[in-house]
Every structure is written in C-alpha cells, then in structure tokens.
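Enquirer: My structure is stored as target.txt, with compact mmCIF, C-alpha atoms.
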```txt
# COMPACT_ATOMS: atom_id res chain seq x y z
CA MET Z 1 0.00 0.00 0.00
CA SER Z 2 1.49 3.31 -1.01
CA THR Z 3 1.83 6.21 1.34
CA ARG Z 4 -0.85 8.83 0.88
CA ILE Z 5 -0.84 12.34 2.29
CA ILE Z 6 -4.16 13.89 3.09
CA VAL Z 7 -4.50 17.65 3.34
CA LEU Z 8 -7.60 18.89 5.11
CA PRO Z 9 -7.77 22.66 4.81
CA ARG Z 10 -9.99 24.88 6.98
CA LEU Z 11 -10.15 22.32 9.81
CA ASN Z 12 -8.94 22.61 13.36
CA LYS Z 13 -5.36 23.87 13.62
CA VAL Z 14 -2.64 22.25 15.70
CA ASN Z 15 -0.18 24.61 17.33
CA ASN Z 16 1.61 22.09 19.53
CA PHE Z 17 5.01 21.37 18.01
CA ASN Z 18 5.41 17.98 19.72
CA PHE Z 19 2.16 16.67 18.25
CA PHE Z 20 3.04 18.11 14.85
CA PHE Z 21 6.52 16.58 14.90
CA LYS Z 22 5.30 13.12 15.94
CA ASN Z 23 2.75 12.94 13.15
CA THR Z 24 5.27 14.23 10.63
CA LYS Z 25 7.72 11.54 11.71
CA LYS Z 26 5.06 8.89 11.07
CA LYS Z 27 4.87 9.97 7.37
CA LEU Z 28 1.30 11.20 7.79
CA HIS Z 29 -0.51 7.95 6.99
CA VAL Z 30 -4.23 8.21 6.24
CA ASN Z 31 -5.22 5.77 8.96
CA GLN Z 32 -3.70 8.06 11.60
CA ASN Z 33 -6.56 10.53 11.12
CA PHE Z 34 -4.12 13.48 11.20
CA ILE Z 35 -5.79 16.88 11.42
CA ALA Z 36 -4.65 19.34 8.82
CA ASN Z 37 -2.23 22.16 9.49
CA PRO Z 38 -1.77 25.30 7.39
CA PHE Z 39 1.86 24.42 6.92
CA LEU Z 40 0.94 21.02 5.48
CA ALA Z 41 -1.34 22.82 3.09
CA LEU Z 42 1.68 24.66 1.75
CA TYR Z 43 3.49 21.39 1.40
CA GLY Z 44 0.47 19.77 -0.23
CA ARG Z 45 0.43 22.31 -3.04
CA ASN Z 46 3.59 20.80 -4.43
CA SER Z 47 2.37 17.22 -4.10
CA THR Z 48 0.31 15.19 -6.56
CA VAL Z 49 -2.65 15.06 -4.16
CA SER Z 50 -5.84 16.80 -5.25
CA ILE Z 51 -8.86 17.21 -3.00
CA ARG Z 52 -12.29 18.17 -4.15
CA GLY Z 53 -14.45 19.38 -1.27
CA ARG Z 54 -14.23 18.70 2.44
CA GLY Z 55 -15.31 15.03 2.52
CA LEU Z 56 -13.12 12.18 3.56
CA ASN Z 57 -13.47 10.40 0.16
CA PRO Z 58 -11.65 12.74 -2.24
CA SER Z 59 -10.49 11.65 -5.67
CA VAL Z 60 -6.76 11.04 -5.41
CA SER Z 61 -4.33 10.57 -8.30
CA ALA Z 62 -0.74 9.88 -7.22
CA ASN Z 63 2.25 8.43 -8.97
CA GLU Z 64 4.37 5.81 -7.42
CA THR Z 65 7.57 7.28 -6.04
CA SER Z 66 10.79 5.60 -5.24
CA GLU Z 67 12.17 5.04 -1.75
CA SER Z 68 14.69 7.83 -2.23
CA ASN Z 69 11.93 10.33 -3.02
CA LYS Z 70 10.10 9.27 0.14
CA GLU Z 71 13.15 9.92 2.25
CA THR Z 72 13.66 13.28 0.56
CA SER Z 73 10.05 14.27 1.28
CA LYS Z 74 10.36 13.17 4.87
CA ASN Z 75 13.57 15.16 5.42
CA SER Z 76 12.05 18.16 3.67
CA ILE Z 77 9.06 18.12 6.00
CA LEU Z 78 11.26 17.92 9.09
CA GLU Z 79 13.46 20.78 7.89
CA ASP Z 80 10.44 22.93 7.12
CA VAL Z 81 8.93 22.20 10.53
CA ALA Z 82 12.14 23.17 12.30
CA THR Z 83 12.46 26.29 10.17
CA LYS Z 84 8.92 27.39 10.98
CA VAL Z 85 9.29 26.84 14.73
CA LEU Z 86 12.74 28.36 15.13
CA ASN Z 87 12.15 31.36 12.85
CA CYS Z 88 8.49 31.90 13.84
CA GLN Z 89 7.50 32.17 10.19
CA GLU Z 90 6.66 30.09 7.15
CA PRO Z 91 9.63 28.59 5.27
CA GLU Z 92 8.59 30.45 2.13
CA ALA Z 93 8.55 33.73 4.03
CA LYS Z 94 12.26 33.54 4.70
CA SER Z 95 13.12 33.23 1.06
CA SER Z 96 10.63 35.91 0.11
CA GLN Z 97 12.47 38.40 2.30
CA LYS Z 98 15.45 38.35 -0.03
CA THR Z 99 15.63 41.38 -2.26
CA ASN Z 100 15.08 40.60 -5.93
CA SER Z 101 16.31 43.41 -8.12
CA SER Z 102 16.36 41.56 -11.46
CA HIS Z 103 13.37 43.49 -12.79
CA ILE Z 104 14.93 46.92 -12.05
CA PRO Z 105 16.57 48.40 -15.20
CA PHE Z 106 19.40 50.08 -13.28
CA LYS Z 107 21.96 49.18 -10.66
CA VAL Z 108 20.80 49.40 -7.04
CA VAL Z 109 23.43 50.69 -4.66
CA PRO Z 110 22.66 50.96 -0.90
CA ARG Z 111 22.93 54.49 0.40
CA GLU Z 112 25.67 55.11 2.93
CA PRO Z 113 24.96 57.45 5.88
CA SER Z 114 26.38 60.93 5.40
CA LYS Z 115 28.97 62.43 7.71
CA SER Z 116 26.54 65.12 8.84
CA SER Z 117 24.00 62.56 10.01
CA GLU Z 118 26.71 60.57 11.80
CA ALA Z 119 27.89 63.74 13.54
CA LYS Z 120 24.31 64.56 14.46
CA PHE Z 121 23.73 61.17 16.10
CA ALA Z 122 27.11 61.38 17.85
CA THR Z 123 26.21 64.79 19.25
CA LEU Z 124 22.85 63.56 20.51
CA SER Z 125 24.48 60.59 22.24
CA THR Z 126 26.91 62.85 24.11
CA ILE Z 127 24.26 65.27 25.43
CA PRO Z 128 23.86 64.54 29.19
CA ASN Z 129 20.49 63.95 30.77
CA THR Z 130 20.18 67.16 32.76
CA SER Z 131 17.41 66.00 35.08
CA THR Z 132 19.13 62.70 35.92
CA ASP Z 133 22.48 64.38 36.49
CA LEU Z 134 20.93 67.01 38.76
CA ARG Z 135 19.03 64.37 40.74
CA SER Z 136 22.20 62.31 41.24
CA ARG Z 137 23.95 65.39 42.62
CA ILE Z 138 21.16 66.44 44.98
CA ASN Z 139 20.13 63.04 46.41
CA PRO Z 140 23.33 62.48 48.47
CA TYR Z 141 22.87 65.86 50.18
CA ILE Z 142 19.24 65.07 50.96
CA LYS Z 143 20.34 61.79 52.54
CA LEU Z 144 22.87 63.72 54.63
CA THR Z 145 19.96 65.32 56.48
CA LYS Z 146 18.47 61.92 57.51
CA PRO Z 147 15.05 62.85 56.06
CA ASN Z 148 12.97 60.53 58.26
CA LEU Z 149 14.53 61.81 61.47
CA THR Z 150 14.34 65.42 60.29
CA VAL Z 151 10.64 65.06 59.49
CA LEU Z 152 9.97 63.62 62.96
CA VAL Z 153 11.87 66.45 64.66
CA THR Z 154 10.04 69.07 62.60
CA LEU Z 155 6.63 67.52 63.30
CA SER Z 156 7.28 67.51 67.06
CA SER Z 157 8.06 71.23 66.85
CA ILE Z 158 4.92 71.93 64.76
CA CYS Z 159 2.69 69.97 67.14
CA SER Z 160 4.06 71.83 70.14
CA TYR Z 161 3.41 75.13 68.37
CA ALA Z 162 -0.18 74.06 67.65
CA ILE Z 163 -0.78 72.90 71.25
CA SER Z 164 0.58 76.08 72.86
CA PRO Z 165 -2.21 78.22 74.37
CA TYR Z 166 -1.36 81.52 72.70
CA SER Z 167 -2.18 82.69 69.17
CA VAL Z 168 -0.36 81.35 66.11
CA SER Z 169 0.16 82.62 62.56
CA LEU Z 170 0.85 80.92 59.24
CA GLY Z 171 3.91 83.05 58.51
CA GLU Z 172 5.48 82.24 61.84
CA LEU Z 173 4.64 78.56 61.36
CA ALA Z 174 6.33 78.54 57.94
CA PHE Z 175 9.55 80.06 59.31
CA LEU Z 176 9.48 77.66 62.27
CA THR Z 177 9.02 74.62 60.04
CA ILE Z 178 11.74 75.46 57.51
CA GLY Z 179 14.20 76.74 60.11
CA THR Z 180 13.81 73.68 62.36
CA ALA Z 181 14.21 71.31 59.39
CA LEU Z 182 17.39 73.08 58.22
CA CYS Z 183 18.93 73.04 61.71
CA SER Z 184 18.13 69.35 62.11
CA GLY Z 185 19.55 68.57 58.67
CA ALA Z 186 22.75 70.46 59.46
CA ALA Z 187 23.26 68.52 62.70
CA ASN Z 188 22.74 65.20 60.91
CA ALA Z 189 25.16 66.17 58.12
CA ILE Z 190 27.91 66.94 60.64
CA ASN Z 191 27.17 63.65 62.40
CA MET Z 192 27.65 61.72 59.13
CA GLY Z 193 30.78 63.68 58.23
CA ARG Z 194 32.40 62.73 61.54
CA GLU Z 195 31.63 59.01 61.52
CA PRO Z 196 32.33 57.42 58.10
CA GLU Z 197 35.00 55.10 59.53
CA PHE Z 198 32.53 53.77 62.09
CA ASP Z 199 29.42 53.81 59.90
CA LYS Z 200 31.02 51.56 57.27
CA LYS Z 201 31.28 48.78 59.87
CA MET Z 202 27.51 48.61 60.42
CA PRO Z 203 24.99 47.23 57.88
CA ARG Z 204 22.50 49.82 59.15
CA THR Z 205 24.71 52.77 58.17
CA VAL Z 206 26.92 51.41 55.40
CA GLY Z 207 24.74 53.01 52.72
CA ARG Z 208 25.22 56.57 53.93
CA PRO Z 209 26.57 58.99 51.29
CA VAL Z 210 29.86 59.80 53.06
CA VAL Z 211 30.61 56.10 53.54
CA ARG Z 212 29.92 55.39 49.87
CA GLY Z 213 32.12 58.28 48.75
CA LEU Z 214 29.29 60.24 47.13
CA VAL Z 215 30.05 63.16 49.44
CA SER Z 216 33.33 63.92 51.19
CA PRO Z 217 33.43 64.92 54.87
CA THR Z 218 34.50 68.44 53.83
CA GLN Z 219 31.50 68.73 51.53
CA ALA Z 220 29.25 67.50 54.34
CA TYR Z 221 30.62 70.17 56.70
CA THR Z 222 30.20 72.87 54.04
CA PHE Z 223 26.62 71.79 53.43
CA ALA Z 224 25.93 71.75 57.18
CA ALA Z 225 27.41 75.23 57.62
CA ALA Z 226 25.19 76.61 54.86
CA THR Z 227 21.96 74.94 55.98
CA GLY Z 228 22.61 75.63 59.67
CA THR Z 229 23.30 79.31 59.04
CA ILE Z 230 20.17 79.71 56.91
CA GLY Z 231 18.05 77.77 59.42
CA CYS Z 232 19.17 79.75 62.48
CA SER Z 233 18.78 83.03 60.57
CA MET Z 234 15.22 82.13 59.57
CA LEU Z 235 14.36 81.27 63.16
CA TRP Z 236 15.89 84.52 64.43
CA ILE Z 237 14.22 86.77 61.85
CA GLY Z 238 10.93 84.96 61.23
CA VAL Z 239 10.18 83.66 64.75
CA ASN Z 240 12.20 85.04 67.67
CA PRO Z 241 15.76 84.91 69.10
CA THR Z 242 14.84 82.35 71.77
CA VAL Z 243 13.87 79.78 69.17
CA ALA Z 244 17.01 80.50 67.13
CA ILE Z 245 19.23 80.00 70.19
CA LEU Z 246 17.48 76.72 70.99
CA GLY Z 247 17.99 75.55 67.40
CA PHE Z 248 21.70 76.39 67.46
CA THR Z 249 22.12 74.76 70.89
CA ASN Z 250 20.49 71.58 69.65
CA LEU Z 251 22.76 71.53 66.60
CA VAL Z 252 25.89 71.74 68.76
CA LEU Z 253 24.55 69.25 71.30
CA TYR Z 254 23.85 66.60 68.65
CA ALA Z 255 26.69 67.18 66.20
CA TRP Z 256 29.53 67.41 68.71
CA ILE Z 257 28.64 66.32 72.25
CA TYR Z 258 26.31 63.41 71.48
CA THR Z 259 28.36 62.19 68.51
CA SER Z 260 31.55 62.18 70.60
CA LEU Z 261 29.94 60.43 73.57
CA LYS Z 262 28.69 57.56 71.39
CA ARG Z 263 32.19 56.06 71.46
CA ARG Z 264 32.92 56.77 75.10
CA SER Z 265 30.00 56.20 77.47
CA ILE Z 266 26.42 54.93 77.63
CA ILE Z 267 25.45 58.41 78.85
CA ASN Z 268 25.16 59.30 75.16
CA THR Z 269 21.60 57.90 75.18
CA TRP Z 270 20.51 60.38 77.86
CA VAL Z 271 22.20 63.25 76.01
CA GLY Z 272 20.49 62.18 72.80
CA ALA Z 273 17.16 62.24 74.61
CA ILE Z 274 17.77 65.90 75.50
CA VAL Z 275 18.33 66.56 71.79
CA GLY Z 276 14.89 65.08 71.11
CA ALA Z 277 13.27 67.18 73.82
CA ILE Z 278 14.44 70.58 72.51
CA PRO Z 279 12.29 70.78 69.30
CA PRO Z 280 9.01 70.84 71.33
CA LEU Z 281 10.48 73.70 73.35
CA MET Z 282 11.26 75.49 70.08
CA GLY Z 283 7.66 75.09 68.92
CA TRP Z 284 6.28 76.29 72.23
CA ALA Z 285 8.67 79.25 72.47
CA ALA Z 286 7.57 80.42 69.01
CA SER Z 287 4.26 81.65 70.46
CA SER Z 288 4.28 81.17 74.24
CA PRO Z 289 6.76 81.75 77.08
CA LEU Z 290 8.89 78.87 78.30
CA SER Z 291 7.92 79.71 81.87
CA HIS Z 292 4.64 77.87 81.31
CA PRO Z 293 4.79 74.35 82.85
CA GLY Z 294 3.03 72.89 79.82
CA ALA Z 295 6.14 73.50 77.70
CA TRP Z 296 8.20 71.29 79.99
CA CYS Z 297 5.53 68.59 80.08
CA LEU Z 298 5.72 68.38 76.29
CA ALA Z 299 9.52 68.40 76.35
CA GLY Z 300 9.44 65.68 79.04
CA LEU Z 301 7.10 63.63 76.89
CA LEU Z 302 9.57 63.67 73.99
CA TYR Z 303 12.49 63.06 76.36
CA ALA Z 304 10.86 59.99 77.94
CA TRP Z 305 9.75 58.60 74.58
CA GLN Z 306 13.35 58.38 73.34
CA PHE Z 307 14.20 55.50 75.72
CA PRO Z 308 11.63 52.84 74.83
CA HIS Z 309 12.11 53.79 71.18
CA PHE Z 310 15.91 53.74 70.95
CA ASN Z 311 16.55 51.03 73.55
CA ALA Z 312 14.25 48.66 71.66
CA LEU Z 313 15.92 49.59 68.37
CA SER Z 314 19.47 49.14 69.66
CA HIS Z 315 18.72 45.79 71.31
CA ASN Z 316 18.61 43.79 68.07
CA ILE Z 317 21.71 45.47 66.64
CA ALA Z 318 23.72 45.67 69.87
CA GLU Z 319 26.55 43.54 68.47
CA GLN Z 320 26.77 45.73 65.38
CA TYR Z 321 27.16 48.81 67.59
CA LYS Z 322 29.85 47.05 69.60
CA GLN Z 323 31.82 45.92 66.54
CA ALA Z 324 31.65 49.42 65.07
CA GLY Z 325 33.12 50.93 68.25
CA TYR Z 326 29.98 52.51 69.73
CA VAL Z 327 29.28 52.21 73.47
CA MET Z 328 25.56 51.52 73.84
CA THR Z 329 23.55 50.37 76.84
CA ALA Z 330 22.06 47.46 74.86
CA ALA Z 331 25.52 45.95 74.39
CA GLU Z 332 27.13 46.94 77.70
CA ASN Z 333 24.24 46.17 80.07
CA PRO Z 334 21.18 44.46 78.48
CA LYS Z 335 19.24 44.34 81.78
CA LEU Z 336 19.69 48.08 82.33
CA ASN Z 337 18.67 48.73 78.73
CA ALA Z 338 15.29 47.01 79.24
CA ARG Z 339 14.78 48.50 82.70
CA VAL Z 340 15.31 52.06 81.45
CA ALA Z 341 12.84 51.49 78.61
CA LEU Z 342 10.20 50.31 81.09
CA ARG Z 343 10.86 53.13 83.55
CA TYR Z 344 10.35 55.90 81.01
CA SER Z 345 7.32 54.16 79.51
CA PHE Z 346 5.56 54.53 82.85
CA LEU Z 347 6.59 58.19 82.98
CA MET Z 348 4.25 58.90 80.04
CA PHE Z 349 1.18 58.71 82.28
CA PRO Z 350 2.00 61.60 84.68
CA LEU Z 351 3.34 63.73 81.82
CA CYS Z 352 0.07 63.45 79.89
CA PHE Z 353 -1.83 64.19 83.09
CA GLY Z 354 0.39 67.25 83.62
CA LEU Z 355 -0.70 68.71 80.27
CA THR Z 356 -4.29 68.61 81.49
CA TYR Z 357 -3.46 69.77 85.01
CA TYR Z 358 -1.69 72.89 83.73
CA GLY Z 359 -4.51 73.79 81.37
CA VAL Z 360 -3.00 72.80 78.04
CA THR Z 361 -5.53 70.04 77.24
CA ASP Z 362 -9.01 69.10 78.45
CA TRP Z 363 -9.79 66.36 80.97
CA VAL Z 364 -10.53 63.77 78.32
CA PHE Z 365 -6.93 63.71 77.13
CA PRO Z 366 -5.51 61.73 80.09
CA ILE Z 367 -8.15 59.05 79.46
CA ASP Z 368 -7.67 58.37 75.76
CA SER Z 369 -3.90 58.97 75.89
CA ALA Z 370 -3.77 56.29 78.61
CA ILE Z 371 -4.74 53.72 75.97
CA ALA Z 372 -1.64 54.51 73.89
CA ASN Z 373 0.55 54.83 76.98
CA GLY Z 374 -0.74 51.54 78.39
CA TRP Z 375 0.04 49.73 75.14
CA LEU Z 376 3.61 51.08 75.19
CA ALA Z 377 4.09 50.25 78.89
CA TYR Z 378 2.77 46.71 78.48
CA LEU Z 379 5.20 45.90 75.64
CA ALA Z 380 8.05 47.50 77.59
CA PHE Z 381 7.14 45.33 80.58
CA GLN Z 382 7.25 42.17 78.44
CA PHE Z 383 10.67 43.18 77.12
CA TRP Z 384 11.97 43.87 80.64
CA ARG Z 385 10.57 40.65 82.10
CA GLN Z 386 12.21 38.54 79.39
CA GLN Z 387 15.56 40.22 79.93
CA GLN Z 388 15.25 39.59 83.67
CA LYS Z 389 14.78 35.90 82.95
CA ASN Z 390 17.67 35.83 80.48
CA TYR Z 391 20.23 37.40 82.83
CA SER Z 392 18.92 36.34 86.25
CA GLY Z 393 21.44 33.53 86.75
CA SER Z 394 23.21 31.44 84.14
CA ASN Z 395 23.94 32.45 80.59
CA PRO Z 396 20.87 33.24 78.50
CA THR Z 397 19.57 30.54 76.18
CA ALA Z 398 19.08 30.96 72.45
CA GLU Z 399 15.32 30.69 72.92
CA GLY Z 400 15.34 33.40 75.59
CA LEU Z 401 17.40 35.76 73.43
CA ALA Z 402 15.04 35.18 70.51
CA LEU Z 403 12.02 36.03 72.69
CA ALA Z 404 13.73 39.20 73.91
CA GLY Z 405 14.41 40.19 70.32
CA THR Z 406 10.76 39.65 69.43
CA HIS Z 407 9.57 41.78 72.36
CA ALA Z 408 12.07 44.50 71.41
CA LYS Z 409 10.74 44.63 67.85
CA LYS Z 410 7.17 44.91 69.09
CA LEU Z 411 8.15 47.70 71.48
CA PHE Z 412 9.99 49.58 68.73
CA TRP Z 413 7.07 49.54 66.29
CA CYS Z 414 4.68 50.47 69.07
CA SER Z 415 6.84 53.51 69.85
CA VAL Z 416 6.79 54.53 66.19
CA TRP Z 417 2.98 54.78 66.32
CA HIS Z 418 2.73 55.92 69.93
CA LEU Z 419 4.27 59.37 69.62
CA PRO Z 420 2.16 60.61 66.67
CA ALA Z 421 -0.96 59.22 68.36
CA VAL Z 422 -0.32 61.08 71.64
CA LEU Z 423 0.56 64.36 69.91
CA ILE Z 424 -2.53 64.21 67.68
CA LEU Z 425 -4.72 63.50 70.70
CA ALA Z 426 -3.16 66.47 72.50
CA MET Z 427 -4.03 68.74 69.56
CA ILE Z 428 -7.58 67.38 69.41
CA HIS Z 429 -8.09 67.93 73.15
CA LYS Z 430 -6.39 71.31 73.31
CA LYS Z 431 -7.98 73.54 75.97
CA GLY Z 432 -11.00 75.33 74.49
CA GLN Z 433 -10.73 73.49 71.16
CA TRP Z 434 -14.21 71.99 71.35
CA ASP Z 435 -15.75 75.28 72.50
CA ARG Z 436 -14.44 76.94 69.38
CA TRP Z 437 -15.89 74.16 67.22
CA PHE Z 438 -19.28 74.38 68.89
CA ARG Z 439 -19.36 78.16 68.49
CA TYR Z 440 -18.43 77.76 64.83
CA LEU Z 441 -21.30 75.29 64.37
CA GLY Z 442 -23.72 77.60 66.20
CA LEU Z 443 -24.04 75.46 69.33
CA ASN Z 444 -23.76 76.54 72.94
CA SER Z 445 -20.75 75.30 74.84
CA ASP Z 446 -23.02 74.51 77.81
CA ASP Z 447 -24.73 71.82 75.69
CA ALA Z 448 -21.49 70.24 74.66
CA VAL Z 449 -20.74 66.76 75.81
CA LEU Z 450 -17.00 67.40 75.75
CA SER Z 451 -16.19 70.72 77.40
CA SER Z 452 -12.91 72.08 78.52
```
When written as structure tokens, how does the structure in this file appear?
Expert:
Amino acid sequence: MSTRIIVLPRLNKVNNFNFFFKNTKKKLHVNQNFIANPFLALYGRNSTVSIRGRGLNPSVSANETSESNKETSKNSILEDVATKVLNCQEPEAKSSQKTNSSHIPFKVVPREPSKSSEAKFATLSTIPNTSTDLRSRINPYIKLTKPNLTVLVTLSSICSYAISPYSVSLGELAFLTIGTALCSGAANAINMGREPEFDKKMPRTVGRPVVRGLVSPTQAYTFAAATGTIGCSMLWIGVNPTVAILGFTNLVLYAWIYTSLKRRSIINTWVGAIVGAIPPLMGWAASSPLSHPGAWCLAGLLYAWQFPHFNALSHNIAEQYKQAGYVMTAAENPKLNARVALRYSFLMFPLCFGLTYYGVTDWVFPIDSAIANGWLAYLAFQFWRQQQKNYSGSNPTAEGLALAGTHAKKLFWCSVWHLPAVLILAMIHKKGQWDRWFRYLGLNSDDAVLSS
C-alpha cells in the first residue's frame, strides 16, 4: 500500500510542536486521522494530491515514487517544521524576504549614511540627561539630612506650636518649620561627616553617602554650615531669638557632644534624649513663654519617649554597635537597657496628666492617651521581664534571646505609632478646642458633651 498524504484545509489547527513533529515523523498515513495544518497545506500544493471538497473520500491521483523520493520528502518536512518553529515564520517567508532586483533596469546601490547625520547622532548621544544628572547630585545631600529623622523632629516642633495656648500665625509657622528642618539637617550632616570610619562597619549605616564616597566629609561640613546658618537666621528673623538660640544649641549638642559620647559612654543615650526634647520647646517658644509648665511637660514627653524607642531599636543590633566601636547600653548592660525602657514608659502617664493639670488640654486627654501609653508600657514590661529571665542567673539561652528580640521589635514599632498618636490626641483635646468648634457650628458650649 502506497503512502498517501491527506491535506484537510480549513479544519482545526494544531499549534503544539510535539504533536506536529510526531505525526510528521510517522509519514502522515491516512489511517492516523491526522488533522490538517496550514503548513501542510503549503506542502500539499507541491504534491500530486488533489482534493475536491471537504469530505473524507476525495479523488486522489498519485504516482508511485521511489524510496529515495520518500526519504527526501520526509527530510524536507522535518526541515520545514524546524524552520517554521525556530524562525516563527513560514519557510517560504524567509526566502521571500530576499531582495530581488532583477526586474529593475538600473543598478541598485545601498545608500551610505552621510557624515553630517553621523555627527548629528554622535552629538545627541553625548548630550547629558540634565534631570538625571541634577538628581544624582542632589540626592546624596538630601540623605545627609536623615530625612525621616528630620521630618519627625520638625513635626514635634509643629505639634508643640499648635498645642501652645497663645495665638499662632501661618507666617510664623512657615519660618518655624523650615528653620527647624534646616537646623536638624545640618546637625545630621555633621554627624555623618564625623563618623564614616565607624558607619562603614555597620549594615544599618553602610549606605550613607559619606561612607559610599558620594560626598566627602569636607562637603558634608560645608553643606551643614550653609543649611545651619540659613536655618538659624530664619528662626531669628521669622520667629524670635529664643527659638534660634534653641535651634543652634540643639545643633551643637547633637553634632559634637552626642556624637563624641557615642564612642565613650552609655550616657550618650541620655544626652540624645535631651536633643529630642528641645524641638518641642522650640515650637512652644515660638508663640508662648517657656515659663509655662506645659512647655516642659511636652519636652518631658519627647524626652521619655526616646528611651523605649531607641533602647528597643538598639537591642537587636547591639553587636553591630559594639563591633563598630559605639558604646551603647544594649551591648554593655542588656538588663539596664530594658529596665530604662520600662521606667520611662511609665513616665508617660503623669506627663500626659500634667498637660491637662496645667490647662493645656481638656480632661478627656488623660483618658484616651492612657490607651496609647498603656500599650507602650505593656510591651516595655514584656521586654523587661524577658531580659530579667535571660540574665537572672546562668547564661541566656538561644530561645530566651530570641524572645527578647521579638519583644524588642514589638516595642519599637509600638513607639513609632505611639508618639504621633499622643501628639494628635493632645491637639484634638487642646484647651478650648471643642468650644471653638461648637461656636463655629452655632451650638452653645453649655450643651457640649466634651467641654474644657
């Protein structure tokens, strides 16, 4: 029985190469019920098979071929299949892409690019991307200011300004905001310029611009001098001299005293807490006298908050601090580190009560702020209790250290949310705030549920 190839156009198409290859390898016998493929239709045009209609009983006239012709057809099919799959096109398409210029009555010569066009493209390729270049120059200086820390410092100053009992103005607020941010950025830039040799030893600080060589220490000091001068001048001119002096004092305290103590004594943590307490005093002094006890309650709130926040942060990277040459409480005395965090967490309660007692907030503030303070104190207590177990007698176990690390992480993230929550609540419950709202809405303050 001779081999017959059946071509069934317009039927279901087969896109799977494995199925197509297997059926091609089997010489496409009729009894295999092979479904037609458009490629086979192209092959069938050159064969001696003729089909009339779509039925399965077409009239076929085929000449007997020799065994060599069969092998040639088989190899041709396999080559065409491979060509189609690898080139993603029909075999005839590849040959049709060749340029045929036999019908053109003149010689075709490809045009070579002119020197002017080459020079034009060369000039375009050498033009620098101005926006990208400018961004790459500015970004290292922005990172010198420690943007996240600077934003937190500035917000604490703004909140204190909003909570203060005396009148405020938008112009004064703008000068306070920009001046405080510039002073904070200058202090951070000096801090980075002084510590590249130590920062490169810690994974947490190895990406800083001075460590990476994007900015030299001299450039960092120059940038700090410029931003610090502008910041203090704005505070002096746009706010008042008291705020400017506080801003300059904080810059010196952080950039020189705190930075130097980090490699000498664990007292650096207490000095750093004073640095965090000065911005609320700056915000308060912008509109109200510092003789008011409420200013010191706010400053005490920021001072106390530093310990559960930083002690929890430093616990999990205590070894990194030690290897880099920093003297931190978490590495030198882990029990003291947890005890201090717990002690200052409890101090939040009387400080929030003091804001109400001295007439800064209403009497609802100690109640709802106690929720946030209780959450912070509870996590600090868990951290302290675990450290007591770890260092009560024998060496701490791996499981105990892991639990302490978990409690420290929870305490850290709680502190991140705690401070904004307490400050926002203090602004909501500012003395007389609800009376002003009720008067604005046309209600009597005597009918108010929440009165100051």
Enquirer: So which one's closest to Val153 of chain Z, Z:Pro196, Z:Gly276, Z:Pro209, Z:Gly325? Using only C-alpha atoms, please.
Expert: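 Using only C-alpha atoms, Val153 of chain Z sits closest to Z:Gly276.
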Enquirer: Compile the contact shell of Ala421 of chain Z as a PyMOL selection string: residues with an atom at most 12 Å away, counting only C-alpha atoms, same-chain residues fewer than 2 positions apart removed.
Expert: chain Z and resi 156+159+365+368-373+375-376+414-419+423-428
Enquirer: Between atom CA of Ala377 of chain Z and atom CA of His429 of chain Z, what is the spacing in Å?
Expert: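 A separation of 22.2 Å between them.
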Enquirer: Hey, what's within 9 Å of Met202 of chain Z if we count all atoms listed in the file and toss same-chain stuff fewer than 3 positions away? As a list in words, please?
Expert: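 Final neighbour list, sorted by chain and number: Phe198, Asp199, Thr205, Val206, Gln320, Tyr321, Gln323 and Ala324 of chain Z.
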Enquirer: Take every atom of segment 160-167 of chain Z listed in the file, fit an axis-aligned box around them, add 6 Å per side, and give the centre and edge lengths in Å to one decimal as lines of an AutoDock Vina configuration file.
Expert:
```
center_x = 0.9
center_y = 77.3
center_z = 71.0
size_x = 18.3
size_y = 22.9
size_z = 18.7
```
Enquirer: Which one is closest to Gly294 of chain Z: Z:Gly231, Z:Gly354, Z:Gly193, Z:Pro366? Count only C-alpha atoms.
Expert: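 Ranked by minimum distance to Gly294 of chain Z, first place goes to Z:Gly354.
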Enquirer: Please measure the separation of atom CA of Ser287 of chain Z and atom CA of Val239 of chain Z, giving the value in Å to one decimal.
Expert: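 If I compute the distance from atom CA of Ser287 of chain Z to atom CA of Val239 of chain Z, I get 8.5 Å.
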Enquirer: Would you pick out the contacts of Trp284 of chain Z at 6 Å or less, using all atoms listed in the file, so that residues sharing its chain but fewer than 4 positions from it are not included, and give the list as an mmCIF file with C-alpha atoms, in the frame of the given file?
Expert:
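Output below, filename selection19.cif:
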```cif
data_model
loop_
_atom_site.group_PDB
_atom_site.id
_atom_site.type_symbol
_atom_site.label_atom_id
_atom_site.label_comp_id
_atom_site.auth_asym_id
_atom_site.auth_seq_id
_atom_site.Cartn_x
_atom_site.Cartn_y
_atom_site.Cartn_z
ATOM 1 C CA SER Z 160 4.060 71.830 70.140
ATOM 2 C CA TYR Z 161 3.410 75.130 68.370
ATOM 3 C CA SER Z 164 0.580 76.080 72.860
ATOM 4 C CA SER Z 288 4.280 81.170 74.240
#
```
Enquirer: Between atom CA of Ile190 of chain Z and atom CA of Leu176 of chain Z, measure the distance and give it in Å to one decimal.
Expert: 21.4 Å
Enquirer: Using only C-alpha atoms, which residue out of Z:Thr269, Z:Asn240, Z:Ser184, Z:Asn395 lies closest to Ala285 of chain Z?
Expert: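 Using only C-alpha atoms, the shortest distance to Ala285 of chain Z belongs to Z:Asn240.
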Enquirer: Within 6 Å of Ser157 of chain Z, counting only C-alpha atoms, which residues show up once you throw out same-chain ones fewer than 2 positions away? Write them as a ChimeraX atom specification, please.
Expert: /Z:154-155,159-160,279-280,283
Enquirer: Name the closest residue to Asn337 of chain Z among the candidates Z:Pro420, Z:Pro308, Z:Gly228, Z:Gly359; distances are taken between atoms, counting all atoms listed in the file.
Expert: Z:Pro308
Enquirer: Pick the closest to Ala286 of chain Z from Z:Trp305, Z:Phe175, Z:Phe381, Z:Phe223: which is it, counting only C-alpha atoms?
Expert: Z:Phe175
Enquirer: From the options Z:Gly171, Z:Gly238, Z:Gly272, Z:Pro147, which residue's atoms come nearest to Leu253 of chain Z, counting all atoms listed in the file?
Expert: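 Among the listed residues, Z:Gly272 lies closest to Leu253 of chain Z.
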